[in-house]
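Student: What follows is run.txt, made up of compact mmCIF, C-alpha atoms:
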# COMPACT_ATOMS: atom_id res chain seq x y z
CA MET A 1 239.17 19.97 50.14
CA ASN A 2 236.71 22.78 49.47
CA ASN A 3 237.47 26.33 50.57
CA SER A 4 234.74 26.62 53.22
CA LEU A 5 235.95 23.47 54.99
CA ASN A 6 239.51 24.71 54.70
CA ILE A 7 238.58 27.98 56.37
CA LEU A 8 236.70 26.16 59.15
CA ILE A 9 239.75 24.04 59.95
CA TYR A 10 242.05 27.08 59.88
CA ILE A 11 239.78 28.90 62.31
CA LEU A 12 239.59 25.90 64.65
CA PHE A 13 243.38 25.59 64.85
CA ILE A 14 243.90 29.32 65.35
CA LEU A 15 241.28 29.39 68.11
CA ALA A 16 242.87 26.29 69.66
CA ILE A 17 246.29 27.96 69.89
CA ASN A 18 244.66 31.08 71.33
CA ARG A 19 242.82 29.09 74.02
CA MET A 20 245.98 27.21 74.97
CA SER A 21 247.67 30.45 75.98
CA ALA A 22 245.89 30.41 79.36
CA THR A 23 245.46 27.59 81.87
CA ARG A 24 241.77 28.30 82.32
CA THR A 25 240.95 27.87 78.63
CA ALA A 26 243.60 25.27 77.67
CA TYR A 27 241.13 22.36 77.89
CA LYS A 28 238.80 24.04 75.40
CA GLY A 29 241.79 24.71 73.18
CA ASN A 30 242.63 21.02 73.10
CA ILE A 31 239.03 20.13 72.23
CA LEU A 32 239.03 22.62 69.33
CA ALA A 33 242.33 21.19 68.07
CA ILE A 34 240.95 17.64 68.23
CA ILE A 35 237.84 18.68 66.29
CA GLY A 36 239.91 20.48 63.65
CA MET A 37 242.32 17.58 63.22
CA SER A 38 239.47 15.04 63.07
CA ILE A 39 237.74 16.98 60.30
CA ALA A 40 241.01 17.28 58.38
CA LEU A 41 241.77 13.56 58.69
CA ILE A 42 238.27 12.42 57.69
CA TRP A 43 238.05 14.77 54.73
CA GLY A 44 241.57 13.91 53.63
CA LEU A 45 240.74 10.20 53.84
CA ILE A 46 237.59 10.67 51.75
CA ASN A 47 239.52 12.49 49.04
CA LEU A 48 242.28 9.89 48.75
CA LYS A 49 242.37 7.56 45.80
CA SER A 50 240.34 4.45 46.58
CA GLU A 51 243.39 2.14 46.43
CA TYR A 52 245.08 4.10 49.24
CA GLN A 53 242.10 4.63 51.55
CA ILE A 54 242.32 1.29 53.35
CA TYR A 55 246.05 1.71 54.06
CA ALA A 56 245.55 5.26 55.29
CA ALA A 57 242.63 4.21 57.52
CA ILE A 58 244.68 1.39 59.05
CA SER A 59 247.60 3.79 59.66
CA ILE A 60 245.33 6.31 61.37
CA LEU A 61 243.76 3.59 63.50
CA LEU A 62 247.13 2.13 64.53
CA GLY A 63 248.64 5.53 65.25
CA GLY A 64 245.63 6.60 67.29
CA THR A 65 245.66 3.36 69.27
CA VAL A 66 249.36 3.64 70.08
CA GLY A 67 248.86 7.29 71.06
CA ILE A 68 245.97 6.51 73.40
CA ILE A 69 247.78 3.60 75.06
CA GLY A 70 250.99 5.60 75.41
CA SER A 71 249.28 8.65 76.88
CA ARG A 72 247.27 6.60 79.37
CA ARG A 73 250.42 4.86 80.59
CA THR A 74 252.34 8.12 80.89
CA THR A 75 252.31 9.69 84.33
CA ILE A 76 252.22 13.46 84.74
CA SER A 77 255.84 13.47 85.90
CA GLN A 78 256.76 11.72 82.62
CA LEU A 79 254.93 14.29 80.51
CA PRO A 80 258.13 16.11 79.37
CA GLN A 81 259.46 12.85 77.89
CA MET A 82 256.16 12.29 76.09
CA VAL A 83 256.18 15.84 74.69
CA ALA A 84 259.76 15.35 73.48
CA LEU A 85 258.73 12.17 71.65
CA LEU A 86 255.68 13.83 70.10
CA ASN A 87 257.90 16.62 68.77
CA GLY A 88 260.16 13.96 67.34
CA PHE A 89 257.38 12.07 65.57
CA GLY A 90 256.25 15.31 63.96
CA GLY A 91 259.75 15.77 62.58
CA LEU A 92 259.95 12.12 61.51
CA ALA A 93 256.69 12.40 59.59
CA SER A 94 258.01 15.45 57.73
CA GLY A 95 261.31 13.72 56.99
CA LEU A 96 259.60 10.60 55.65
CA ILE A 97 257.33 12.71 53.45
CA GLY A 98 260.42 14.48 52.16
CA ILE A 99 262.04 11.13 51.31
CA SER A 100 258.88 9.75 49.68
CA GLU A 101 258.55 12.84 47.50
CA THR A 102 261.99 12.16 46.00
CA ILE A 103 260.98 8.84 44.45
CA ASN A 104 261.11 8.81 40.64
CA ILE A 105 262.51 12.32 40.32
CA PRO A 106 265.97 12.90 38.82
CA TYR A 107 267.10 15.70 41.13
CA LEU A 108 266.18 16.99 44.58
CA ASN A 109 265.68 20.70 45.05
CA PHE A 110 266.99 22.58 48.07
CA LEU A 111 263.60 22.57 49.83
CA GLN A 112 263.32 18.77 49.66
CA ILE A 113 266.87 18.32 50.99
CA PHE A 114 266.18 20.75 53.81
CA ILE A 115 262.93 18.95 54.75
CA ILE A 116 264.77 15.64 55.04
CA PHE A 117 267.59 17.22 57.04
CA THR A 118 265.36 19.15 59.45
CA GLY A 119 262.83 16.36 59.91
CA CYS A 120 265.40 13.65 60.69
CA LEU A 121 267.41 15.98 62.94
CA THR A 122 264.27 16.94 64.87
CA PHE A 123 263.31 13.30 65.34
CA SER A 124 266.68 12.08 66.61
CA GLY A 125 267.23 15.20 68.73
CA SER A 126 263.87 14.59 70.37
CA VAL A 127 264.81 10.97 71.04
CA ALA A 128 268.02 12.17 72.70
CA GLY A 129 265.96 14.60 74.78
CA PHE A 130 263.66 11.73 75.77
CA PHE A 131 266.60 9.63 76.96
CA LYS A 132 268.10 12.53 78.92
CA LEU A 133 264.82 13.45 80.60
CA SER A 134 264.22 9.80 81.46
CA GLY A 135 267.67 9.53 83.01
CA LEU A 136 268.57 6.69 80.64
CA ILE A 137 271.69 8.44 79.31
CA LYS A 138 274.25 10.46 81.24
CA ILE A 139 277.10 12.09 79.37
CA ASN A 140 280.44 12.90 81.00
CA ASP A 141 282.71 13.48 78.00
CA THR A 142 280.74 16.24 76.29
CA GLU A 143 283.71 17.60 74.35
CA THR A 144 284.20 14.35 72.43
CA ILE A 145 280.53 14.25 71.44
CA ARG A 146 280.61 17.89 70.37
CA SER A 147 283.66 17.20 68.21
CA THR A 148 281.91 14.17 66.74
CA SER A 149 278.90 16.35 65.94
CA ILE A 150 281.09 18.71 63.90
CA ILE A 151 282.46 15.79 61.89
CA ILE A 152 278.95 14.43 61.28
CA LEU A 153 277.78 17.90 60.21
CA LEU A 154 280.54 18.11 57.60
CA LEU A 155 279.70 14.61 56.36
CA SER A 156 276.00 15.58 56.16
CA ILE A 157 276.82 18.63 54.06
CA ILE A 158 278.94 16.53 51.70
CA SER A 159 276.30 13.79 51.46
CA SER A 160 273.62 16.37 50.63
CA PHE A 161 275.36 17.01 47.29
CA TYR A 162 275.21 13.32 46.50
CA ALA A 163 271.56 13.17 47.63
CA HIS A 164 270.82 16.02 45.24
CA ASN A 165 271.24 13.56 42.36
CA GLY A 166 268.15 11.69 43.55
CA GLU A 167 269.65 8.24 44.00
CA THR A 168 267.87 6.34 46.79
CA GLU A 169 270.96 5.05 48.61
CA TYR A 170 272.44 8.55 48.85
CA ILE A 171 269.16 10.01 50.06
CA ILE A 172 268.85 7.37 52.80
CA GLY A 173 272.50 7.89 53.77
CA PHE A 174 271.93 11.64 54.01
CA ALA A 175 268.82 11.06 56.16
CA LEU A 176 270.73 8.75 58.53
CA LEU A 177 273.59 11.22 58.90
CA SER A 178 271.08 14.00 59.63
CA ALA A 179 269.47 11.83 62.31
CA LEU A 180 272.84 10.97 63.85
CA LEU A 181 273.74 14.66 63.92
CA GLY A 182 270.55 15.55 65.81
CA PHE A 183 271.14 12.83 68.39
CA CYS A 184 274.77 13.75 69.03
CA PHE A 185 274.02 17.48 69.02
CA ILE A 186 271.41 17.28 71.80
CA LEU A 187 273.22 14.79 74.06
CA PRO A 188 275.82 17.20 75.54
CA ILE A 189 273.30 19.91 76.39
CA GLY A 190 272.85 20.28 80.14
CA GLY A 191 269.74 19.03 81.91
CA ALA A 192 268.96 22.51 83.23
CA ASP A 193 268.52 23.67 79.63
CA MET A 194 266.12 20.88 78.63
CA PRO A 195 262.98 23.08 78.92
CA ILE A 196 264.51 25.35 76.28
CA ILE A 197 265.48 22.37 74.12
CA ILE A 198 261.92 21.04 74.24
CA SER A 199 260.68 24.45 73.08
CA ILE A 200 263.19 24.47 70.22
CA LEU A 201 262.26 20.94 69.12
CA ASN A 202 258.57 21.86 69.29
CA SER A 203 259.26 24.85 67.07
CA LEU A 204 261.32 22.77 64.63
CA SER A 205 258.57 20.18 64.28
CA GLY A 206 256.21 22.99 63.31
CA TRP A 207 258.57 24.53 60.78
CA CYS A 208 259.14 21.05 59.28
CA THR A 209 255.41 20.83 58.71
CA THR A 210 255.44 24.26 57.08
CA LEU A 211 258.23 23.21 54.72
CA VAL A 212 256.28 20.11 53.72
CA GLY A 213 253.23 22.28 53.10
CA LEU A 214 255.26 24.55 50.83
CA SER A 215 256.65 21.54 48.97
CA LEU A 216 253.21 19.97 48.49
CA GLN A 217 251.42 23.33 48.08
CA ASN A 218 249.11 22.37 50.95
CA ASN A 219 247.74 25.46 52.70
CA LEU A 220 246.54 23.51 55.75
CA LEU A 221 250.03 22.19 56.49
CA ILE A 222 251.51 25.65 55.95
CA ILE A 223 249.09 27.31 58.39
CA VAL A 224 249.22 24.60 61.07
CA GLY A 225 253.00 24.31 60.83
CA THR A 226 253.45 28.06 61.04
CA LEU A 227 251.23 28.24 64.12
CA ILE A 228 253.26 25.55 65.88
CA GLY A 229 256.61 26.87 64.69
CA ALA A 230 255.89 30.48 65.62
CA SER A 231 254.43 29.64 69.04
CA GLY A 232 257.42 27.38 69.74
CA SER A 233 259.82 30.15 68.74
CA ILE A 234 258.08 32.65 70.99
CA LEU A 235 258.12 30.16 73.86
CA THR A 236 261.84 29.53 73.30
CA TYR A 237 262.48 33.27 73.58
CA ILE A 238 260.46 33.44 76.80
CA MET A 239 262.36 30.49 78.28
CA THR A 240 265.82 31.81 77.42
CA LYS A 241 264.88 35.19 78.87
CA ALA A 242 263.57 33.54 82.04
CA MET A 243 266.89 31.72 82.48
CA ASN A 244 268.95 34.70 81.31
CA ARG A 245 270.62 32.35 78.84
CA HIS A 246 271.50 33.27 75.27
CA LEU A 247 270.14 30.72 72.82
CA LEU A 248 273.52 30.23 71.15
CA LYS A 249 275.08 29.46 74.53
CA VAL A 250 272.37 26.91 75.23
CA LEU A 251 273.06 25.15 71.94
CA PHE A 252 276.83 25.43 71.66
CA THR A 253 278.19 25.83 75.21
CA PRO A 254 276.49 23.08 77.23
CA ILE A 255 276.12 23.49 80.97
CA THR A 256 278.45 21.30 82.99
CA THR A 257 278.15 20.38 86.61
CA ASN A 258 279.77 23.05 88.75
CA GLN A 259 281.30 21.94 92.01
CA SER A 260 282.80 25.29 92.99
CA SER A 261 280.08 26.14 95.48
CA ASN A 262 281.31 26.81 99.00
CA TYR A 263 278.18 25.26 100.45
CA GLN A 264 279.07 21.60 100.79
CA HIS A 265 277.25 20.49 103.92
CA THR A 266 275.69 17.45 105.57
CA GLU A 267 272.36 16.89 107.30
CA GLN A 268 273.98 17.94 110.57
CA ASP A 269 274.16 21.51 109.24
CA ILE A 270 270.45 21.91 108.57
CA HIS A 271 267.48 22.64 110.79
CA LYS A 272 265.17 19.69 110.39
CA GLY A 273 261.46 20.16 110.73
CA THR A 274 258.43 17.91 110.93
CA PRO A 275 255.05 18.03 109.19
CA GLN A 276 253.60 19.11 112.54
CA ASP A 277 256.00 22.08 112.64
CA ALA A 278 255.02 23.04 109.12
CA ALA A 279 251.30 22.80 109.87
CA PHE A 280 251.67 24.98 112.97
CA LEU A 281 253.54 27.70 111.05
CA MET A 282 251.09 27.74 108.15
CA GLU A 283 247.86 27.71 110.15
CA ASN A 284 249.10 30.72 112.15
CA ALA A 285 250.23 32.65 109.09
CA HIS A 286 248.46 35.43 107.24
CA LYS A 287 250.05 34.70 103.87
CA VAL A 288 251.55 31.44 102.59
CA ILE A 289 253.24 31.08 99.20
CA ILE A 290 253.67 27.61 97.72
CA VAL A 291 256.56 27.07 95.28
CA PRO A 292 256.42 23.75 93.37
CA GLY A 293 259.28 22.16 91.45
CA PHE A 294 260.05 18.92 89.69
CA GLY A 295 260.11 17.10 93.04
CA MET A 296 256.37 17.74 93.29
CA ALA A 297 255.88 16.13 89.90
CA ALA A 298 258.11 13.18 90.75
CA SER A 299 256.18 12.44 93.95
CA GLY A 300 252.75 13.26 92.48
CA ALA A 301 252.00 15.64 95.33
CA GLN A 302 249.83 18.13 93.42
CA GLN A 303 246.51 16.81 94.74
CA GLU A 304 247.77 16.95 98.32
CA LEU A 305 248.94 20.52 97.68
CA SER A 306 245.45 21.36 96.46
CA ASN A 307 243.97 19.88 99.64
CA MET A 308 246.44 21.83 101.78
CA ALA A 309 245.68 25.10 100.02
CA ASN A 310 241.90 24.58 100.35
CA ILE A 311 242.15 23.87 104.09
CA LEU A 312 244.36 26.89 104.72
CA ILE A 313 242.01 29.15 102.77
CA LYS A 314 238.67 27.87 104.06
CA LYS A 315 239.46 26.76 107.60
CA TYR A 316 242.27 29.11 108.62
CA LYS A 317 241.49 32.09 106.35
CA VAL A 318 245.08 32.19 105.10
CA ASP A 319 246.00 34.08 101.93
CA VAL A 320 247.50 31.30 99.76
CA LYS A 321 249.31 31.84 96.49
CA PHE A 322 251.37 29.66 94.16
CA GLY A 323 254.61 30.96 92.66
CA ILE A 324 255.70 29.38 89.36
CA HIS A 325 259.12 29.82 87.78
CA PRO A 326 259.02 29.68 83.95
CA VAL A 327 261.53 26.81 83.85
CA ALA A 328 260.29 24.87 86.87
CA GLY A 329 260.05 21.20 85.99
CA ARG A 330 261.32 19.66 82.79
CA MET A 331 259.27 21.45 80.15
CA PRO A 332 257.52 24.80 79.62
CA GLY A 333 254.32 25.02 81.64
CA HIS A 334 255.01 21.74 83.45
CA MET A 335 253.95 23.07 86.86
CA ASN A 336 250.86 24.79 85.45
CA VAL A 337 249.69 21.50 83.93
CA LEU A 338 250.19 19.66 87.22
CA LEU A 339 248.35 22.27 89.28
CA ALA A 340 245.51 22.43 86.76
CA GLU A 341 245.19 18.64 87.01
CA ALA A 342 244.65 19.05 90.76
CA ASP A 343 241.89 21.66 90.13
CA ILE A 344 243.89 24.47 91.72
CA SER A 345 242.30 27.76 90.68
CA PRO A 346 244.33 29.72 88.09
CA GLU A 347 243.58 32.80 90.19
CA LEU A 348 245.95 31.44 92.85
CA ILE A 349 248.83 30.85 90.42
CA PHE A 350 251.30 33.63 89.66
CA GLY A 351 254.39 33.95 87.48
CA ILE A 352 257.81 35.07 88.67
CA ASN A 353 257.32 38.79 88.07
CA GLU A 354 253.98 38.82 89.86
CA ILE A 355 254.96 36.69 92.86
CA ASN A 356 258.44 38.02 93.66
CA PRO A 357 257.19 41.24 95.35
CA GLU A 358 254.86 39.09 97.50
CA PHE A 359 257.64 37.17 99.27
CA LYS A 360 258.54 40.20 101.40
CA THR A 361 255.08 40.22 102.98
CA ALA A 362 254.64 36.44 103.24
CA ASP A 363 254.89 34.68 106.60
CA VAL A 364 255.71 31.24 105.21
CA VAL A 365 256.90 29.87 101.88
CA TYR A 366 256.42 26.16 101.23
CA VAL A 367 258.94 24.95 98.64
CA ILE A 368 258.31 21.43 97.37
CA GLY A 369 260.93 19.92 95.11
CA ALA A 370 262.44 23.15 93.75
CA ASN A 371 266.16 23.87 93.92
CA ASP A 372 267.83 25.84 91.14
CA THR A 373 264.87 28.20 90.65
CA ILE A 374 265.17 29.46 94.27
CA ASN A 375 268.96 29.35 94.62
CA PRO A 376 270.37 32.77 95.69
CA LEU A 377 273.76 31.82 94.22
CA ALA A 378 272.25 32.98 90.94
CA LYS A 379 272.73 36.53 92.23
CA THR A 380 276.18 36.26 93.76
CA GLN A 381 278.33 33.43 92.43
CA LYS A 382 279.69 34.51 89.06
CA ASP A 383 281.24 31.15 88.21
CA SER A 384 278.02 29.26 88.86
CA THR A 385 276.01 27.77 86.02
CA ILE A 386 272.91 29.76 86.97
CA TYR A 387 274.54 33.15 87.49
CA GLN A 388 272.11 36.01 86.73
CA MET A 389 269.21 33.62 86.11
CA PRO A 390 266.06 35.22 87.56
CA ILE A 391 264.95 33.26 90.61
CA LEU A 392 261.93 33.12 92.91
CA GLU A 393 263.10 35.28 95.81
CA VAL A 394 261.90 33.00 98.60
CA GLU A 395 264.82 34.09 100.81
CA GLN A 396 262.87 37.28 101.60
CA THR A 397 260.10 35.34 103.39
CA LYS A 398 260.01 35.20 107.20
CA ARG A 399 260.01 31.40 107.43
CA ILE A 400 261.07 28.97 104.72
CA LEU A 401 259.88 25.36 104.54
CA ILE A 402 261.70 23.22 101.98
CA VAL A 403 260.62 19.69 101.11
CA LYS A 404 263.30 17.54 99.43
CA ARG A 405 264.24 13.91 99.38
CA SER A 406 267.84 14.78 100.24
CA LEU A 407 270.37 17.60 100.14
CA ALA A 408 271.48 16.58 96.65
CA PRO A 409 271.99 19.46 94.21
CA GLY A 410 269.54 20.19 91.41
CA TYR A 411 270.03 19.88 87.64
CA ALA A 412 272.56 22.72 87.67
CA GLY A 413 274.76 20.74 90.07
CA LEU A 414 274.83 23.45 92.75
CA ASP A 415 274.28 23.28 96.46
CA ASN A 416 271.75 25.75 97.85
CA PRO A 417 272.73 28.00 100.80
CA LEU A 418 269.05 28.45 101.68
CA PHE A 419 269.03 24.92 103.08
CA TYR A 420 271.27 26.03 105.95
CA GLU A 421 269.64 29.34 106.89
CA LYS A 422 268.38 29.69 110.47
CA LYS A 423 264.88 30.58 109.25
CA THR A 424 264.72 27.48 107.02
CA LEU A 425 263.18 24.21 108.13
CA MET A 426 264.12 21.25 105.95
CA LEU A 427 261.48 18.54 105.60
CA LEU A 428 263.45 15.65 104.15
CA GLY A 429 261.43 12.89 102.51
CA ASP A 430 258.85 12.15 99.84
CA GLY A 431 256.95 15.30 98.88
CA LYS A 432 253.56 13.64 98.66
CA LYS A 433 253.92 11.83 101.98
CA ILE A 434 255.07 14.93 103.86
CA THR A 435 252.38 17.14 102.35
CA LYS A 436 249.72 14.55 103.18
CA GLU A 437 250.90 14.48 106.80
CA ILE A 438 250.67 18.27 106.91
CA VAL A 439 247.12 18.09 105.54
CA THR A 440 246.18 15.54 108.21
CA GLN A 441 247.61 17.78 110.92
CA LEU A 442 245.77 20.84 109.57
CA GLU A 443 242.51 18.87 109.54
CA ASN A 444 242.96 17.71 113.12
CA ASP A 445 244.05 21.04 114.58
CA SER A 446 241.38 23.35 115.90
CA ASN A 447 241.09 26.80 114.37
What is this structure when it is put down as C-alpha cells?
Tutor:
Amino acid sequence: MNNSLNILIYILFILAINRMSATRTAYKGNILAIIGMSIALIWGLINLKSEYQIYAAISILLGGTVGIIGSRRTTISQLPQMVALLNGFGGLASGLIGISETINIPYLNFLQIFIIFTGCLTFSGSVAGFFKLSGLIKINDTETIRSTSIIILLLSIISSFYAHNGETEYIIGFALLSALLGFCFILPIGGADMPIIISILNSLSGWCTTLVGLSLQNNLLIIVGTLIGASGSILTYIMTKAMNRHLLKVLFTPITTNQSSNYQHTEQDIHKGTPQDAAFLMENAHKVIIVPGFGMAASGAQQELSNMANILIKKYKVDVKFGIHPVAGRMPGHMNVLLAEADISPELIFGINEINPEFKTADVVYVIGANDTINPLAKTQKDSTIYQMPILEVEQTKRILIVKRSLAPGYAGLDNPLFYEKKTLMLLGDGKKITKEIVTQLENDSN
C-alpha cells in the first residue's frame, strides 16, 4: 500500500474517532470510519496474491452479509449485546492471525504467544458478557468459578511453555485454555459492572489489533488498534470513576446481590399515580428533567419521550432537560444512542455533573426505567453495593415521577427508598405505554 493512501486512511480513522466523541457528530464519524475501512479492504484485496483474492473476497462478502443481517435484526435495547460480540470477534480475528502465523516456524516468540492469549481471552470474555447481558446465564456460585479461573490460569501459563515449541496441538490447546479462562473470568462479574467490562473488552480488542500490527509490521493495524485500545482505556477510566469503583475491584471482587436494605416494601406502601396525574404536573411546571434508564431501552420508549419533550417545550413553554448517568443502561453511551435515534437535540442532554445542580430548581423529574443511578442509598448505606457511587440527585426535585414495571430492585439488587417518598408518584407499567398515554393527555389538554 503506497504511503499517500496509507496517510489518507490514517487521517480518516483519526477523524472518525474524533467525531465519535460527541453525539452531534457521531454519525459523520461512522461514515468516515466506513470510508477508511472500505479503502483499506479494497486496496488490501488488490495487493493480495492472485490465488488468495477469491477466498478473501468471499470472506469479506460473507462477513459483511452476516454483519448487515445481524445489525438489522438487533433492536436498540439489544445493542450492548451486539457491541460485546463485536469486541469478541475483533479479539478472535487477532487470535486466529496469531495462530496462523505460527505455522511452519520452529518456535513462538513472546509476542505471538501473547497475541493468541489476549485474542482468545477477549473473544470468550465477550461471549460471556453477551450471555450475561442477554440474561441467558445467571451465576450464583461465583466463588467456585473464580477458583476455577485461577486453576485455568495456571494451566494456561504452563501450556504456554509447551506452545513455545511451535507444535500445533500445543498451540491449539493453549488457545482453548486461554478462551476458557476469559469465559470463566467474566462470568462472576456483577451485572452492574457490565458497562465497565464492555469498555475493557473494547480496549482489549484494540490492543490485540496493535499487537498483530507489531508482529506483521503493519502500520495501519498498529494505528487503528492503538486508537481503539487507547479510547477504550480512557472510557474504562471514565466509567470506573463514574461508579466510584476501582478497576481491580471490578475485575477481582465481583458485585453480589445485597439484601441488607431496610426498604423491603410492597405496592401498598407507594403512592400510585396515573398518566393523567403526570401530564397535569408536567404541563404546569416551569422545569422538567427527564432521567432515562435501561427500562426506557427495554420498552423502546425513546420516541415517545421525544414527543413528550417537544409538546412540553412548544405547547406549554416548559424548560425540558435530559439527565444522563454515565453508566445508565448496559454499555457506555447507551442512553445517548437511544436519544439520538429519537432525534432529541444534544443541547437538551446533560451529563451528571451538569444536571445535578439543576434538580434543586426543577418542578418535576420524570424517571423512566432507572433505579441504581438514582438510589440515595449510595450516599448512606455503607454495606450497599453502590456505596459512594455518584448518582443523579433526583431526590432534590419537588415532585418525582418514576416509571417502572414493578418494584423489583435494579442490577445492584437494592431496593430504592425514593419509591416510597411522599413526593414520589409511581407509574407502574410499560414505559412506552405510560409515556404514550402522557403524550396523548398533553395533546388533549388546553394550554
Student: Please list as number ranges by chain every residue within 6 Å of stretch 151-168 of chain A, counting all atoms listed in the file and excluding residues in the same chain fewer than 6 positions away.
Tutor: A: 106-108, 174, 177, 181
Student: For A:Gly232, which residue out of A:Ser199, A:Asn371, A:Thr361, A:Ser100 is the nearest one, using all atoms listed in the file?
Tutor: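 Ranking A:Ser199, A:Asn371, A:Thr361, A:Ser100 by distance to A:Gly232, first place goes to A:Ser199.
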Student: Counting all atoms listed in the file, which of A:Leu214, A:Ile196, A:Ile228, A:Leu281 gets nearest to A:Leu251?
Tutor: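 Among the listed residues, A:Ile196 lies closest to A:Leu251.
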Student: Contacts of A:Asp363 at 10 Å or less, counting all atoms listed in the file, minus same-chain residues fewer than 4 places along, as a PyMOL selection string?
Tutor: chain A and resi 281-282+284-289+359+396-400
Student: Just write the chosen residues, C-alpha atoms, as a PDB file, keeping the file's coordinate frame.
Tutor:
ATOM      1  CA  LEU A 281     253.540  27.700 111.050  1.00  0.00           C
ATOM      2  CA  MET A 282     251.090  27.740 108.150  1.00  0.00           C
ATOM      3  CA  ASN A 284     249.100  30.720 112.150  1.00  0.00           C
ATOM      4  CA  ALA A 285     250.230  32.650 109.090  1.00  0.00           C
ATOM      5  CA  HIS A 286     248.460  35.430 107.240  1.00  0.00           C
ATOM      6  CA  LYS A 287     250.050  34.700 103.870  1.00  0.00           C
ATOM      7  CA  VAL A 288     251.550  31.440 102.590  1.00  0.00           C
ATOM      8  CA  ILE A 289     253.240  31.080  99.200  1.00  0.00           C
ATOM      9  CA  PHE A 359     257.640  37.170  99.270  1.00  0.00           C
ATOM     10  CA  GLN A 396     262.870  37.280 101.600  1.00  0.00           C
ATOM     11  CA  THR A 397     260.100  35.340 103.390  1.00  0.00           C
ATOM     12  CA  LYS A 398     260.010  35.200 107.200  1.00  0.00           C
ATOM     13  CA  ARG A 399     260.010  31.400 107.430  1.00  0.00           C
ATOM     14  CA  ILE A 400     261.070  28.970 104.720  1.00  0.00           C
TER      15      ILE A 400
END
Student: Expressed in Å to a single decimal, how great is the separation between atom CA of A:Gln53 and atom CA of A:Thr226?
Tutor: 27.7 Å
Student: Which value, in Å to one decimal, gives the distance between atom CA of A:Ala278 and atom CA of A:Ala378?
Tutor: 26.9 Å
Student: Find the distance between atom CA of A:Lys432 and atom CA of A:Gly300 and write it in Å to one decimal.
Tutor: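 Value for the atom CA of A:Lys432-atom CA of A:Gly300 distance: 6.2 Å.
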